[in-house]
Every structure is written in structure tokens, then in C-alpha cells.
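Asker: Please read through the structure below; I'll follow up with questions.
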Amino acid sequence: MLCCVTTFDLSGAWKGHYVQNGKEHAISMRVVHKGHSLMGAMHDEETMWISEDELATDQEGLDAPPPRPVEVLTVLPPESTLEGDVDGRRVSFCKRYSGTHSFTLLLGDASVSAELEGHRVFYDGELDDSGCVLRGEWSIPPFDADSEGARAEEALGGDRGAFVLHRDRS
């Protein structure tokens with residue numbers, strides 16, 4: 001339950017970045033803040049990248065092969081909407097990408113691709129004393145076992161990292 005309204009009006013433009021796989025990714029947002037509600041739109045500057053991971057192999061037998069390196073090509077739509085809550089200095093919102101999130105697992109000469117609609121990222125942060133800097137953590141929940149993307153659970157089975165947004169005064 002929300003208990004107090006922030007003394008800051010968060011409406012307007014913000015710029016910053018999130019950190020994923022050790023790399024900063026630029027983001028910007030424009031929001032409208034009314035009471036406890038926050039609504040708006042976000043834009044990702046970089047929407048395609050390749051990351052390296054390890055693909056787990058069947059570990060039932062003692063002679064199981066070690067995990068194999070795999071590259072993951074991720075493509076996100078640049079635009080998203082956001083909706084959330086403000087409680088004092090605590091700001092929480094859900095970012096919902098507008099369009100298809102696609103990814104391709106590249107393993108040697110083989111590849112497997114999938115697409116997901118409505119990819120969501122949750123942001124939970126706190127405003128600094130000036131009300132001009134929002135810092136916190138973003139998270140992507142793992143897929144539900146019953147979801148259409150359940151086969152992709154290992155590749156996209158939840159993730160989290162830091163973010164920072166600064167009020168854009170330009």
C-alpha cells in the first residue's frame with residue numbers, strides 16, 4: 001500500500017542507461033506523474049547485440065560433456081511504454097516493449113530462433129535528495145512454465161542489473 005506522495009514532480013524527460021552483461025545501454029524516457037501514478041514511454045538507443053553464454057548440456061550421466069559456448073543475438077524494438085507507482089522516493093514501473101523481441105542462439109553452424117511479444121522489464125529505484133537522479137535495479141522475470149516461451153527459459157530465464165536515469169534539463 002502506498003503511504004506518501006513524493007514532493008517531486010517527475011513529469012518530463014529523463015536520460016540514462018541500464019547495465020547488462022557488463023555493458024551500458026542508453027535509454028531515455030518521457031513520463032507523466034500524477035499522485036502515485038507514473039505513465040509514459042521509453043526509448044532504447046541500442047536494440048541489437050550479441051552476447052556470449054554457455055549452453056548447459058544434459059548432466060545426468062557422469063560422462064556428460066561440459067557446457068558449450070553459445071552466442072545469443074538479441075533484437076528488441078526501440079520503443080516501449082511504462083506504467084508504475086511512486087511512493088515517496090521509491091519509484092517502480094514496468095517497461096513493456098512495443099513489438100516483437102527476437103533472439104537467436106548461435107551454436108557453431110547451427111542456430112535456433114524465437115520471438116516473443118510483450119517483453120517486460122521491471123524497474124525499482126530510489127530518487128536522490130534533489131529528485132533529479134533515479135538509481136536502482138531492473139529485472140526480467142523468468143518465463144512461466146506454462147508460457148509460450150517456456151522453451152526459451154534457459155536462454156532468457158531471468159536477469160537483473162543496475163540502472164540510472166537523470167532528469168533531462170535540455
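Every chain in the C-alpha cells has a letter given in the order shown (A, B, ...), and although residue numbers restart at 1 in each chain, ligands are simply numbered from 1 in the order shown.
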Show which residues sit within 10 Å of Glu45 (chain A), as number ranges by chain. Count only C-alpha atoms, and ignore same-chain residues fewer than 5 positions away.
Answerer: A: 17, 25-28, 77-79
Asker: Find the residues near Glu115 (chain A): any atom within 7 Å, counting only C-alpha atoms, skip ones fewer than 6 places away on the same chain, and give them as a PDB file with C-alpha atoms, in the first residue's frame.
Answerer:
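Once written, result-v3.pdb looks like this:
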ATOM      1  CA  THR A 100       8.479  -8.391 -31.029  1.00  0.00           C
ATOM      2  CA  HIS A 101      11.583  -9.350 -29.045  1.00  0.00           C
ATOM      3  CA  SER A 102      13.581 -11.850 -31.081  1.00  0.00           C
ATOM      4  CA  PHE A 103      16.631 -13.830 -30.175  1.00  0.00           C
TER       5      PHE A 103
END
Asker: From the DSSP assignment of the backbone, select every residue of region 57-140 of chain A that is strand (DSSP E or B), and format the answer as number ranges by chain.
Answerer: A: 68-75, 79-87, 90-97, 100-107, 110-117, 120-127, 133-140
Asker: Do you know which residues are at most 9 Å from Lys95 (chain A) counting only C-alpha atoms, after dropping those on the same chain fewer than 5 positions away, and could you put them as number ranges by chain?
Answerer: A: 41-42, 80-84, 119-123
Asker: For Ala110 (chain A), find every residue with an atom within 12 Å (counting only C-alpha atoms), except residues of its own chain fewer than 5 positions away, and show them as a list of chain:residue names.
Answerer: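 Residues near the query, excluding close chain neighbours: A:Val70, A:Glu71, A:Thr104, A:Leu105.
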Asker: Need to verify the contact set: Gln20 (chain A), 9 Å, only C-alpha atoms, exclusion of same-chain residues closer than 4 positions in sequence. Can you return it as a ChimeraX atom specification?
Answerer: /A:24-25,159-162
Asker: Could you pull the residues within 10 Å of Cys132 (chain A), counting only C-alpha atoms, minus those fewer than 3 positions along the same chain, as a PyMOL selection string?
Answerer: chain A and resi 8-10+14+127-129+165-169
Asker: Kindly indicate which residue among A:Gly158, A:Gly118, A:Gly108, A:Gly16 lies nearest to Val133 (chain A), using only C-alpha atoms for the distances.
Answerer: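 Among the listed residues, A:Gly16 lies closest to Val133 (chain A).
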Asker: Between CA of Ser139 (chain A) and CA of Thr74 (chain A), what is the distance, to one decimal in Å?
Answerer: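 Taking CA of Ser139 (chain A) as the start and CA of Thr74 (chain A) as the end point, the length is 16.5 Å.
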